[in-house]
Amino acid sequence: MAVSSTPGLTRAGKNPLSQLFNLSWPWRIMFGYLSIMLFLPMAALFLKASTVGPAEFWRIATTPVALSAYEVTFTTALIASLINGLFGVLIAWVLVRYDFPLKRLVDAVIDLPFALPTSVAGLTLATVYSDNGWIGSLLAPLGIKVAFTRLGVGVAMLFISLPFVVRTLQPVLQEMEKEVEEAAWSLGASHAQTFWKVILPPLIPPILTGVALGFSRAVGEYGSIVIISSSIPFKDLIASVLVFQKLEQFDYAGATVIGTVLLLISLIMLLAINILQAWGRRYE
């Protein structure tokens, strides 16, 4: 069949725009839902931020209070996600490789941060880690104050981001064949050599993916942190709380700019997560 030379036509003789409207209903519903729930809100935020102008945008985004909030948010989230990267591997390893009483209960509790309202999590952590709390009272004589400090922000981020590493790593550990480790032992490898050279390499991509997901979740946390922190600028104020404070002050331009910065960083993190997942497919 001859191919039409008319501009804008495909080999089938149809305009791409007409093909777009001829797509199946599931595709249309999916695109419509995503447009309403994701694309349009993000576009509205970008359009609102563009009304302040580049110079004003930069000025608002780089004020001392904003820079301090970024530093508290991203540095604390990074430290929390790295700590969870270490202990998440240990927890996933124990849950997959060992049988012990109440194992199902422990495994279910890992998902508690997903189900628990963040405000309830913040109230619980503030109560436990306060100077009169179960854990805070033990740390107070040592001069360690957790609640209403930056350390409390880190504890909240640890709590809400832990499941991401565990749940990302568990399926990979379950699919790993025990015979590979036994083969390494039979060839004279020690347990340490087997771990570093046989077990760890295929685990690195899911570990990094879990850490990245936990980092993204910690950056966007609000409900638990606003309760356990004092939200004082240059001390423990995070970016999401700064957005809410600006809204309370009717500074909509400032809130939009800070929100846009957080959205851009979240999109970069999403790209990084997708790259890590693509890298991990090499081991499948």
# chains A, B, ... in the order shown; residues from 1 in each chain; ligands from 1

$ select_by_dssp --residues "segment 19-157 of chain A" --states "alpha helix (DSSP H)" --output "ChimeraX atom specification"
/A:19-21,25-34,40-50,54-61,64-97,103-109,112-115,118-129,136-139,150-157

$ residues_around --residues "Val146 of chain A" --least-positions-apart "3" --cutoff "7 Å" --atoms "only C-alpha atoms" --output "PDB file with N, CA, C and O atoms, in the first residue's frame"
ATOM      1  N   TYR A 129       9.028  10.520  73.376  1.00  0.00           N
ATOM      2  CA  TYR A 129      10.359  11.130  73.407  1.00  0.00           C
ATOM      3  C   TYR A 129      10.410  12.454  74.163  1.00  0.00           C
ATOM      4  O   TYR A 129      11.442  13.123  74.139  1.00  0.00           O
ATOM      5  N   SER A 130       9.332  12.839  74.806  1.00  0.00           N
ATOM      6  CA  SER A 130       9.373  14.045  75.631  1.00  0.00           C
ATOM      7  C   SER A 130      10.228  13.800  76.870  1.00  0.00           C
ATOM      8  O   SER A 130      10.598  12.661  77.173  1.00  0.00           O
ATOM      9  N   GLY A 136      12.320   9.426  76.362  1.00  0.00           N
ATOM     10  CA  GLY A 136      12.881  10.747  76.633  1.00  0.00           C
ATOM     11  C   GLY A 136      13.380  10.905  78.050  1.00  0.00           C
ATOM     12  O   GLY A 136      14.406  11.573  78.295  1.00  0.00           O
ATOM     13  N   THR A 149      12.979  19.305  68.963  1.00  0.00           N
ATOM     14  CA  THR A 149      14.311  19.649  68.471  1.00  0.00           C
ATOM     15  C   THR A 149      14.464  19.053  67.073  1.00  0.00           C
ATOM     16  O   THR A 149      13.601  18.322  66.587  1.00  0.00           O
ATOM     17  N   LEU A 151      16.521  16.770  66.356  1.00  0.00           N
ATOM     18  CA  LEU A 151      16.620  15.327  66.548  1.00  0.00           C
ATOM     19  C   LEU A 151      15.240  14.679  66.487  1.00  0.00           C
ATOM     20  O   LEU A 151      15.084  13.570  65.962  1.00  0.00           O
ATOM     21  N   GLY A 152      14.235  15.358  67.015  1.00  0.00           N
ATOM     22  CA  GLY A 152      12.871  14.844  66.932  1.00  0.00           C
ATOM     23  C   GLY A 152      12.378  14.775  65.496  1.00  0.00           C
ATOM     24  O   GLY A 152      11.651  13.844  65.119  1.00  0.00           O
TER      25      GLY A 152
END

$ closest_residue --among "A:Val89, A:Leu112, A:Val106, A:Met157" --to "Leu173 of chain A" --atoms "only C-alpha atoms"
A:Val89

$ closest_residue --among "A:Ala126, A:Val109, A:Ala140, A:Val96" --to "Lys178 of chain A" --atoms "only C-alpha atoms"
A:Val96

$ residues_around --residues "segment 51-55 of chain A" --least-positions-apart "4" --cutoff "12 Å" --atoms "only C-alpha atoms" --output "list in words"
Ala44, Leu45, Phe46, Leu47, Arg59, Ile60, Ala61, Thr62, Tyr252, Ala253, Gly254, Ala255, Thr256 and Val257 of chain A

$ write_last_selection --atoms "N, CA, C and O atoms" --output "short mmCIF file (atom, residue, chain, number, x, y, z; two decimals), in the first residue's frame"
data_model
loop_
_atom_site.label_atom_id
_atom_site.label_comp_id
_atom_site.auth_asym_id
_atom_site.auth_seq_id
_atom_site.Cartn_x
_atom_site.Cartn_y
_atom_site.Cartn_z
N ALA A 44 -0.89 24.01 37.50
CA ALA A 44 -1.40 25.20 38.19
C ALA A 44 -0.36 25.78 39.13
O ALA A 44 -0.21 27.01 39.23
N LEU A 45 0.37 24.91 39.82
CA LEU A 45 1.41 25.38 40.73
C LEU A 45 2.52 26.09 39.97
O LEU A 45 2.99 27.16 40.37
N PHE A 46 2.95 25.51 38.85
CA PHE A 46 4.00 26.13 38.05
C PHE A 46 3.55 27.47 37.48
O PHE A 46 4.30 28.45 37.46
N LEU A 47 2.29 27.52 37.01
CA LEU A 47 1.77 28.77 36.45
C LEU A 47 1.66 29.86 37.52
O LEU A 47 1.99 31.02 37.26
N ARG A 59 14.54 35.34 44.64
CA ARG A 59 14.68 36.02 45.93
C ARG A 59 13.93 35.29 47.03
O ARG A 59 14.47 35.07 48.12
N ILE A 60 12.69 34.89 46.73
CA ILE A 60 11.89 34.19 47.73
C ILE A 60 12.47 32.81 48.04
O ILE A 60 12.55 32.39 49.20
N ALA A 61 12.90 32.11 46.98
CA ALA A 61 13.40 30.75 47.16
C ALA A 61 14.73 30.70 47.89
O ALA A 61 15.08 29.65 48.44
N THR A 62 15.46 31.82 47.91
CA THR A 62 16.79 31.81 48.53
C THR A 62 16.88 32.73 49.75
O THR A 62 17.97 33.14 50.13
N TYR A 252 0.80 34.07 49.81
CA TYR A 252 0.56 33.00 48.84
C TYR A 252 1.69 32.87 47.83
O TYR A 252 1.99 31.76 47.37
N ALA A 253 2.32 33.99 47.48
CA ALA A 253 3.44 33.93 46.54
C ALA A 253 4.61 33.16 47.15
O ALA A 253 5.21 32.30 46.50
N GLY A 254 4.91 33.44 48.41
CA GLY A 254 5.99 32.73 49.08
C GLY A 254 5.71 31.25 49.21
O GLY A 254 6.59 30.41 48.98
N ALA A 255 4.46 30.91 49.59
CA ALA A 255 4.10 29.50 49.73
C ALA A 255 4.19 28.79 48.39
O ALA A 255 4.64 27.64 48.30
N THR A 256 3.78 29.47 47.31
CA THR A 256 3.83 28.86 45.98
C THR A 256 5.26 28.62 45.54
O THR A 256 5.57 27.56 44.97
N VAL A 257 6.13 29.57 45.79
CA VAL A 257 7.53 29.42 45.38
C VAL A 257 8.19 28.27 46.13
O VAL A 257 8.86 27.42 45.53
#
